[in-house]
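Raw contents of entry.cif, mmCIF, C-alpha atoms:
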```cif
data_final
#
loop_
_atom_site.label_atom_id
_atom_site.label_comp_id
_atom_site.auth_asym_id
_atom_site.auth_seq_id
_atom_site.Cartn_x
_atom_site.Cartn_y
_atom_site.Cartn_z
CA MET W 324 144.92 54.94 74.10
CA SER W 325 148.08 56.26 72.53
CA VAL W 326 147.65 59.70 71.10
CA ASP W 327 150.27 59.47 68.43
CA VAL W 328 149.48 56.22 66.60
CA HIS W 329 146.92 56.41 63.80
CA PHE W 330 145.39 52.94 63.61
CA ALA W 331 141.92 53.84 62.34
CA PRO W 332 142.80 55.05 58.82
CA HIS W 333 145.15 52.13 58.22
CA PRO W 334 143.80 48.96 59.83
CA ALA W 335 146.00 46.73 57.71
CA VAL W 336 149.15 48.12 59.28
CA SER W 337 148.04 47.40 62.81
CA SER W 338 147.89 43.65 62.05
CA ASP W 339 151.53 43.49 61.01
CA PRO W 340 153.81 43.32 64.07
CA VAL W 341 157.06 43.87 62.15
CA PRO W 342 156.65 47.57 61.27
CA GLN W 343 155.26 48.20 64.75
CA ALA W 344 158.27 46.54 66.34
CA LYS W 345 160.66 48.54 64.19
CA GLY W 346 158.82 51.76 64.99
CA ALA W 347 158.86 51.03 68.72
CA ALA W 348 162.57 50.27 68.56
CA ALA W 349 163.24 53.51 66.71
CA VAL W 350 161.23 55.47 69.29
CA ALA W 351 163.17 53.80 72.10
CA VAL W 352 166.50 54.60 70.44
CA LEU W 353 165.53 58.26 69.98
CA ARG W 354 164.21 58.61 73.50
CA PHE W 355 166.99 56.86 75.37
CA GLY W 356 169.57 58.34 73.02
CA SER W 357 168.38 61.78 74.08
CA LEU W 358 168.64 60.85 77.75
CA LEU W 359 172.14 59.52 77.17
CA ALA W 360 173.05 62.73 75.34
CA PHE W 361 171.78 64.71 78.34
CA ALA W 362 173.88 62.58 80.70
CA ALA W 363 176.91 62.85 78.43
CA ILE W 364 176.64 66.66 78.38
CA LEU W 365 176.53 66.71 82.19
CA VAL W 366 179.60 64.49 82.38
CA VAL W 367 181.61 66.43 79.78
CA PHE W 368 180.86 69.83 81.26
CA SER W 369 181.49 68.60 84.81
CA LEU W 370 184.99 67.57 83.70
CA THR W 371 185.77 70.64 81.61
CA ALA W 372 183.78 73.57 83.03
CA PRO W 373 184.68 74.88 86.50
CA TYR W 374 181.97 74.66 89.18
CA PHE W 375 179.49 73.19 86.68
CA LEU W 376 177.98 70.70 89.15
CA SER W 377 178.20 72.96 92.18
CA VAL W 378 174.98 73.58 94.09
CA GLY W 379 175.14 77.27 93.31
CA ASN W 380 175.51 76.71 89.57
CA ILE W 381 172.76 74.08 89.44
CA GLY W 382 170.47 76.51 91.24
CA ASN W 383 171.47 79.21 88.80
CA VAL W 384 170.53 76.97 85.85
CA LEU W 385 167.17 76.17 87.44
CA GLY W 386 166.49 79.86 88.01
CA GLN W 387 167.52 80.82 84.48
CA SER W 388 165.36 78.03 83.06
CA ALA W 389 162.24 79.19 84.91
CA ILE W 390 161.17 81.83 82.39
CA SER W 391 161.84 79.79 79.26
CA GLY W 392 160.36 76.71 80.94
CA VAL W 393 157.07 78.46 81.74
CA LEU W 394 156.84 79.80 78.18
CA ALA W 395 157.66 76.37 76.72
CA ILE W 396 154.93 74.78 78.82
CA GLY W 397 152.48 77.24 77.26
CA LEU W 398 153.69 76.26 73.81
CA THR W 399 153.42 72.59 74.77
CA VAL W 400 149.72 73.01 75.54
CA VAL W 401 149.21 74.50 72.06
CA LEU W 402 151.18 71.66 70.47
CA VAL W 403 149.03 69.13 72.31
CA ALA W 404 145.72 70.69 71.24
CA GLY W 405 146.69 71.75 67.74
CA GLY W 406 148.85 68.82 66.73
CA SER W 407 152.63 68.67 66.74
CA ASN W 408 153.03 69.48 63.04
CA VAL W 409 154.61 72.93 63.29
CA VAL W 410 153.39 73.94 59.82
CA THR W 411 149.73 72.92 59.89
CA GLY W 412 149.31 72.10 63.56
CA GLY W 413 149.63 74.02 66.80
CA ILE W 414 152.27 76.69 67.26
CA ASP W 415 152.41 80.00 69.12
CA LEU W 416 155.17 82.30 67.92
CA SER W 417 153.86 85.23 69.95
CA LEU W 418 154.91 83.85 73.33
CA ALA W 419 158.20 85.73 73.64
CA ALA W 420 156.61 89.01 72.56
CA ASN W 421 153.74 88.28 74.95
CA MET W 422 156.22 88.00 77.80
CA GLY W 423 157.88 91.27 76.75
CA LEU W 424 154.64 93.26 76.65
CA SER W 425 153.36 91.73 79.90
CA ALA W 426 156.65 92.62 81.59
CA ALA W 427 156.43 96.15 80.20
CA VAL W 428 152.89 96.55 81.54
CA TYR W 429 153.97 95.30 84.96
CA ALA W 430 157.04 97.54 85.19
CA THR W 431 155.19 100.59 83.85
CA LEU W 432 152.43 100.26 86.44
CA ILE W 433 155.02 99.96 89.21
CA GLN W 434 156.68 103.12 87.89
CA LEU W 435 153.31 104.89 87.99
CA GLY W 436 152.92 104.03 91.67
CA TYR W 437 150.51 101.10 91.51
CA GLY W 438 150.95 98.13 93.82
CA ASP W 439 152.12 94.64 92.97
CA ALA W 440 148.60 93.19 93.07
CA THR W 441 147.41 95.59 90.38
CA ALA W 442 150.55 95.09 88.30
CA VAL W 443 150.33 91.28 88.56
CA ALA W 444 146.67 91.31 87.54
CA ALA W 445 147.40 93.65 84.61
CA ALA W 446 150.29 91.48 83.39
CA LEU W 447 148.22 88.31 83.53
CA LEU W 448 145.30 90.00 81.79
CA THR W 449 147.67 91.24 79.09
CA GLY W 450 148.86 87.69 78.49
CA LEU W 451 145.32 86.35 78.46
CA ALA W 452 144.24 89.05 76.00
CA ILE W 453 147.05 88.14 73.61
CA GLY W 454 146.09 84.47 73.90
CA ALA W 455 142.48 85.39 73.16
CA VAL W 456 143.53 87.29 70.03
CA ASN W 457 145.44 84.23 68.85
CA ALA W 458 142.39 82.07 69.56
CA VAL W 459 140.12 84.35 67.54
CA ALA W 460 142.56 84.46 64.63
CA VAL W 461 143.01 80.70 64.51
CA VAL W 462 139.62 79.36 65.56
CA LEU W 463 137.19 81.96 64.23
CA ALA W 464 139.11 83.47 61.33
CA GLY W 465 140.59 80.12 60.33
CA ILE W 466 144.12 81.45 59.84
CA VAL W 467 146.93 78.90 60.03
CA PRO W 468 148.46 79.17 63.55
CA LEU W 469 151.94 79.70 62.14
CA LEU W 470 150.83 82.82 60.27
CA ALA W 471 148.30 84.03 62.85
CA THR W 472 150.70 83.96 65.77
CA LEU W 473 153.48 85.44 63.63
CA ALA W 474 151.26 88.42 62.87
CA VAL W 475 150.23 88.78 66.51
CA MET W 476 153.88 88.57 67.52
CA ASN W 477 154.76 91.60 65.40
CA VAL W 478 151.79 93.62 66.66
CA VAL W 479 152.59 92.81 70.30
CA ALA W 480 156.28 93.61 69.83
CA GLY W 481 155.30 96.96 68.36
CA LEU W 482 153.00 97.71 71.31
CA GLU W 483 155.85 96.94 73.70
CA LEU W 484 158.12 99.43 71.92
CA VAL W 485 155.40 102.07 72.03
CA LEU W 486 154.77 101.53 75.74
CA THR W 487 158.42 101.51 76.78
CA GLN W 488 159.72 103.92 74.13
CA ASN W 489 162.32 101.22 73.41
CA THR W 490 163.99 101.78 76.79
CA VAL W 491 164.49 99.80 79.97
CA VAL W 492 161.72 100.32 82.54
CA PRO W 493 163.13 99.53 86.01
CA ALA W 494 160.91 98.05 88.70
CA SER W 495 161.72 97.25 92.31
CA THR W 496 159.27 96.12 94.99
CA ASP W 497 159.36 93.84 98.01
CA PHE W 498 157.45 91.21 96.07
CA LEU W 499 159.93 91.25 93.19
CA THR W 500 162.81 91.08 95.66
CA VAL W 501 161.36 87.95 97.24
CA VAL W 502 160.77 86.25 93.89
CA SER W 503 164.30 87.03 92.69
CA ALA W 504 165.96 85.91 95.95
CA SER W 505 167.55 82.57 96.81
CA ASP W 506 167.09 80.26 99.78
CA SER W 507 169.73 79.30 102.34
CA PHE W 508 171.09 76.63 99.98
CA GLY W 509 171.58 79.08 97.13
CA ILE W 510 168.62 77.79 95.14
CA PRO W 511 166.68 80.66 93.51
CA ILE W 512 163.00 81.04 94.36
CA LEU W 513 162.41 81.02 90.60
CA ALA W 514 163.50 77.37 90.57
CA TYR W 515 160.73 76.49 93.01
CA VAL W 516 158.29 78.53 90.93
CA LEU W 517 159.22 76.49 87.85
CA ILE W 518 158.82 73.18 89.69
CA GLY W 519 155.48 74.21 91.19
CA PHE W 520 154.15 75.56 87.90
CA THR W 521 155.23 72.37 86.12
CA ALA W 522 153.50 70.21 88.74
CA ILE W 523 150.22 72.10 88.31
CA ALA W 524 150.41 72.03 84.51
CA THR W 525 151.26 68.32 84.55
CA ALA W 526 148.29 67.53 86.76
CA ILE W 527 145.94 69.38 84.40
CA VAL W 528 147.32 68.33 81.01
CA GLN W 529 148.38 64.77 81.75
CA TYR W 530 145.87 63.55 84.34
CA THR W 531 142.51 65.25 83.82
CA PRO W 532 139.71 64.69 81.29
CA VAL W 533 140.47 68.14 79.86
CA GLY W 534 144.01 67.08 79.09
CA LEU W 535 142.88 63.86 77.44
CA ARG W 536 140.45 65.82 75.28
CA LEU W 537 143.24 68.19 74.24
CA TYR W 538 145.33 65.21 73.08
CA ALA W 539 142.34 63.77 71.25
CA VAL W 540 141.67 67.04 69.45
CA GLY W 541 145.31 67.42 68.47
CA GLU W 542 145.90 63.91 67.17
CA PHE W 543 142.48 62.51 66.24
CA GLN W 544 140.37 65.42 65.08
CA ASP W 545 137.88 63.30 63.10
CA ALA W 546 137.37 60.90 66.00
CA ALA W 547 137.10 63.78 68.46
CA ARG W 548 134.52 65.49 66.28
CA ALA W 549 132.53 62.27 65.96
CA ALA W 550 132.63 61.88 69.74
CA GLY W 551 131.08 65.31 70.11
CA LEU W 552 134.07 67.08 71.62
CA PRO W 553 134.05 70.90 71.30
CA LEU W 554 137.11 71.15 69.06
CA LYS W 555 137.07 74.91 68.61
CA ARG W 556 136.53 75.60 72.27
CA LEU W 557 139.36 73.31 73.34
CA LEU W 558 141.77 74.75 70.78
CA ALA W 559 140.84 78.30 71.77
CA GLY W 560 141.36 77.36 75.41
CA ALA W 561 144.85 76.09 74.58
CA PHE W 562 145.85 79.43 73.05
CA ILE W 563 144.38 81.32 75.99
CA ALA W 564 146.31 79.08 78.39
CA SER W 565 149.45 79.79 76.38
CA GLY W 566 148.73 83.50 76.69
CA PHE W 567 148.43 83.11 80.46
CA CYS W 568 151.87 81.48 80.50
CA GLY W 569 153.22 84.48 78.58
CA GLY W 570 151.79 86.88 81.15
CA PHE W 571 153.10 84.81 84.05
CA ALA W 572 156.55 84.64 82.46
CA GLY W 573 156.45 88.43 82.08
CA ILE W 574 156.13 88.76 85.86
CA LEU W 575 159.05 86.37 86.38
CA SER W 576 161.07 88.32 83.83
CA VAL W 577 160.56 91.58 85.72
CA SER W 578 161.70 89.96 88.96
CA TYR W 579 164.74 88.36 87.30
CA LEU W 580 165.86 91.45 85.39
CA SER W 581 164.62 94.05 87.91
CA GLY W 582 162.47 95.61 85.23
CA SER W 583 161.30 95.39 81.66
CA THR W 584 163.97 95.19 78.97
CA THR W 585 163.81 95.17 75.19
CA GLY W 586 164.78 92.23 73.00
CA SER W 587 162.34 89.66 74.36
CA GLY W 588 161.99 88.25 70.84
CA GLU W 589 165.40 86.63 71.22
CA ALA W 590 163.82 84.15 73.62
CA LEU W 591 161.62 82.67 70.89
CA LEU W 592 164.15 80.18 69.49
CA PRO W 593 164.96 78.58 72.87
CA ILE W 594 161.23 78.31 73.64
CA VAL W 595 160.52 76.49 70.38
CA VAL W 596 163.56 74.24 70.89
CA ILE W 597 162.48 73.30 74.41
CA ALA W 598 158.86 72.56 73.44
CA LEU W 599 159.75 70.47 70.38
CA LEU W 600 162.61 68.67 72.11
CA GLY W 601 160.30 67.84 75.01
CA SER W 602 158.46 65.26 72.89
CA VAL W 603 161.67 63.25 72.63
CA PHE W 604 161.62 62.71 76.39
CA SER W 605 158.14 61.15 76.31
CA ARG W 606 157.22 57.50 75.80
CA ARG W 607 155.38 58.04 72.52
CA LEU W 608 157.16 61.05 71.08
CA VAL W 609 154.25 63.34 71.90
CA PRO W 610 154.46 66.72 73.68
CA THR W 611 154.18 66.36 77.47
CA VAL W 612 154.71 68.82 80.29
CA PRO W 613 157.27 66.66 82.17
CA GLY W 614 159.16 66.18 78.91
CA THR W 615 159.19 69.94 78.44
CA LEU W 616 160.71 70.40 81.91
CA ILE W 617 163.48 67.91 81.14
CA SER W 618 164.07 69.65 77.83
CA ALA W 619 164.24 73.05 79.55
CA LEU W 620 166.90 71.73 81.91
CA PHE W 621 168.74 70.11 79.00
CA ILE W 622 168.95 73.43 77.14
CA GLY W 623 169.69 75.29 80.37
CA PHE W 624 172.67 73.11 81.26
CA LEU W 625 173.88 73.16 77.67
CA THR W 626 173.82 76.96 77.53
CA ASN W 627 175.37 77.26 80.97
CA GLY W 628 178.21 74.90 80.05
CA PHE W 629 179.00 76.96 76.96
CA GLN W 630 179.04 80.11 79.07
CA LEU W 631 181.39 78.61 81.64
CA LEU W 632 183.74 77.55 78.84
CA ASN W 633 183.57 81.06 77.34
CA LEU W 634 182.25 79.74 74.03
CA PRO W 635 180.52 82.26 71.74
CA SER W 636 176.77 82.69 72.14
CA THR W 637 176.32 82.25 68.38
CA LEU W 638 177.38 78.63 68.85
CA VAL W 639 174.49 78.14 71.27
CA SER W 640 172.00 79.42 68.68
CA GLY W 641 173.51 77.13 66.07
CA VAL W 642 173.16 74.10 68.34
CA GLN W 643 169.56 75.04 69.14
CA GLY W 644 168.70 75.31 65.45
CA LEU W 645 170.35 71.94 64.82
CA LEU W 646 168.30 70.37 67.62
CA ILE W 647 165.07 71.64 66.02
CA LEU W 648 166.10 70.14 62.68
CA ILE W 649 167.01 66.77 64.21
CA VAL W 650 163.90 66.47 66.39
CA VAL W 651 161.41 67.54 63.73
CA SER W 652 163.02 65.32 61.08
CA ALA W 653 163.23 62.27 63.36
CA THR W 654 159.69 62.50 64.72
CA THR W 655 158.25 63.15 61.25
CA LEU W 656 160.00 60.11 59.77
CA LEU W 657 158.93 57.88 62.65
CA ARG W 658 155.30 58.92 62.38
CA LYS W 659 155.34 58.29 58.63
CA ARG W 660 156.55 54.77 59.37
CA GLU W 661 153.66 54.27 61.78
CA ILE W 662 151.05 55.07 59.14
#
```

In structure tokens, how does this file's structure come out?
Amino acid sequence: MSVDVHFAPHPAVSSDPVPQAKGAAAVAVLRFGSLLAFAAILVVFSLTAPYFLSVGNIGNVLGQSAISGVLAIGLTVVLVAGGSNVVTGGIDLSLAANMGLSAAVYATLIQLGYGDATAVAAALLTGLAIGAVNAVAVVLAGIVPLLATLAVMNVVAGLELVLTQNTVVPASTDFLTVVSASDSFGIPILAYVLIGFTAIATAIVQYTPVGLRLYAVGEFQDAARAAGLPLKRLLAGAFIASGFCGGFAGILSVSYLSGSTTGSGEALLPIVVIALLGSVFSRRLVPTVPGTLISALFIGFLTNGFQLLNLPSTLVSGVQGLLILIVVSATTLLRKREI
């Protein structure tokens, strides 16, 4: 069953092969066009940017993409369960702030003399707590996710400033040193963490009954309700899973930056770009974890190429905003054609 085609409300459309054929062709053009754009970017930067395709630089991109990739996977789970409409469907704008507070909790506990096990547990619990607050606001209070997570984002960002006094909190342990290190080939350990985390998330979201139920809840709420699926519980679970990703990313952030730093909110735009763009790399233009990984690498290589060419960082933000506009507009128009 495809999770992004609404046949039930419009049975007459399903009997006409012409609109379906046109829609399938448009989806194919968007998907393969995105893959070609990815390949074109690799070719252009390999010819113009020094050392772009070197093993060391590729490893650097993978390592830099680990944090944003983990956060984007969390957002992908919310998009799957809540629906990909960013206004009325699933969205979690608190993820970047979640990472910042979780990192601050981790670094602060290390500064106070606690061990890595305690700090890791506290960071993960912080992320889970933030996810639970989002779940309560959306599922129990009935607040639109866009507004609920925006409010939680501001509260969490304020708590981070209070905890850190708006300063950098350094942290250095053997565990953090190992996570931030590279192997003998120059590939950062963070790259392996991203690949492993993606594999686990893919197995759960794409190949288990829980994942199928999340897709059903996000795209066919009426059918899912009629089938007796626990809609509220599944949606709440998606936000809690997203919160876990925020806490986990906080740990990776501390290892990458050797502490907790301010300004985590700046990571929000790339996270949203990666999660939304990830649907373009799927067969049916729906959010998938593998698509999110490809999208994370796409944005990672794009940003890295701009850096190697000494292009201004503001240009990167502009391109990311443009990508959001293109992806949301294209997928919205295609889904309107389907119904």

Evaluate the PyMOL selection byres ((chain W and resi 386-390) around 8) and report residues as a count of residues only: 21

Nearest to Thr496 of chain W among W:Val456, W:Gly436, W:Gly397, W:Ile414, with distances taken over all atoms listed in the file: which residue is it? W:Gly436

Write out as JSON lines the residues of segment 562-634 of chain W that have any atom within 10 Å of an atom of segment 362-371 of chain W, one row each with the nearest atom pair and its distance in Å to one decimal, counting all atoms listed in the file, sorted by chain and then rising number.
```
{"residue": "W:Phe621", "atom": "CA", "partner": "W:Ile364", "partner_atom": "CA", "distance": 8.6}
{"residue": "W:Phe624", "atom": "CA", "partner": "W:Leu365", "partner_atom": "CA", "distance": 7.5}
{"residue": "W:Leu625", "atom": "CA", "partner": "W:Ile364", "partner_atom": "CA", "distance": 7.1}
{"residue": "W:Asn627", "atom": "CA", "partner": "W:Phe368", "partner_atom": "CA", "distance": 9.2}
{"residue": "W:Gly628", "atom": "CA", "partner": "W:Phe368", "partner_atom": "CA", "distance": 5.8}
{"residue": "W:Phe629", "atom": "CA", "partner": "W:Phe368", "partner_atom": "CA", "distance": 8.5}
{"residue": "W:Leu631", "atom": "CA", "partner": "W:Phe368", "partner_atom": "CA", "distance": 8.8}
{"residue": "W:Leu632", "atom": "CA", "partner": "W:Thr371", "partner_atom": "CA", "distance": 7.7}
```

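This file, queried with the PyMOL selection byres ((chain W and resi 486) around 12), gives the residues Gly423, Leu424, Ser425, Ala426, Ala427, Val428, Tyr429, Ala430, Thr431, Leu432, Val479, Ala480, Gly481, Leu482, Glu483, Leu484, Val485, Thr487, Gln488, Asn489, Thr490, Val491, Val492, Ser583, Thr584 and Thr585 of chain W.
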
W:Leu469, W:Val603, W:Val596, W:Ala452 ranked by distance to Leu648 of chain W, top pick (using all atoms listed in the file):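 With all atoms listed in the file as the atom set, the closest residue is W:Val596.
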
Among listed residues W:Leu376, W:Leu557, W:Val650, W:Val609, nearest Gln544 of chain W (using all atoms listed in the file):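 Looking only at the distances to Gln544 of chain W, the closest residue turns out to be W:Leu557.
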
Let me know the residues the PyMOL selection byres ((chain W and resi 416-422) around 9) catches in the file above, as a PyMOL selection string. chain W and resi 391+394-395+397-398+414-415+423-427+446+449-450+453-454+457+468-480+483+565-566+568-574+576+586-591+594-595

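Counting all atoms listed in the file and comparing W:Pro593, W:Tyr437, W:Thr611, W:Gly560, the residue that lies closest to Leu645 of chain W is W:Pro593.
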
Pull the neighbourhood of (154.9, 69.1, 74.8) for me: all residues within 6 Å in file coordinates, counting all atoms listed in the file, as a short mmCIF file (atom, residue, chain, number, x, y, z; two decimals) with C-alpha atoms, keeping the file's coordinate frame.
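File written: selection-v8.cif
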```cif
data_model
loop_
_atom_site.label_atom_id
_atom_site.label_comp_id
_atom_site.auth_asym_id
_atom_site.auth_seq_id
_atom_site.Cartn_x
_atom_site.Cartn_y
_atom_site.Cartn_z
CA THR W 399 153.42 72.59 74.77
CA ALA W 598 158.86 72.56 73.44
CA GLY W 601 160.30 67.84 75.01
CA SER W 602 158.46 65.26 72.89
CA PRO W 610 154.46 66.72 73.68
CA THR W 611 154.18 66.36 77.47
CA VAL W 612 154.71 68.82 80.29
CA THR W 615 159.19 69.94 78.44
#
```

Counting all atoms listed in the file, figure out which residue out of W:Ser377, W:Ser357, W:Ser652, W:Thr500 gets nearest to Ser605 of chain W.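 Among the listed residues, W:Ser357 lies closest to Ser605 of chain W.
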
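Our summary of the geometry notes that atom CA of Gln643 of chain W is positioned 9.9 Å from atom CA of Leu600 of chain W.
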
In Å to one decimal, how far is atom CA of Ile597 of chain W from atom CA of Ala559 of chain W? 22.4 Å

Taking all listed atoms of segment 592-604 of chain W, build the axis-aligned box, pad each of the six sides by 6 Å, then write its centre and edge lengths in Å to one decimal as JSON.
```
{"center_x": 161.7, "center_y": 71.4, "center_z": 72.9, "size_x": 18.5, "size_y": 29.5, "size_z": 18.9}
```
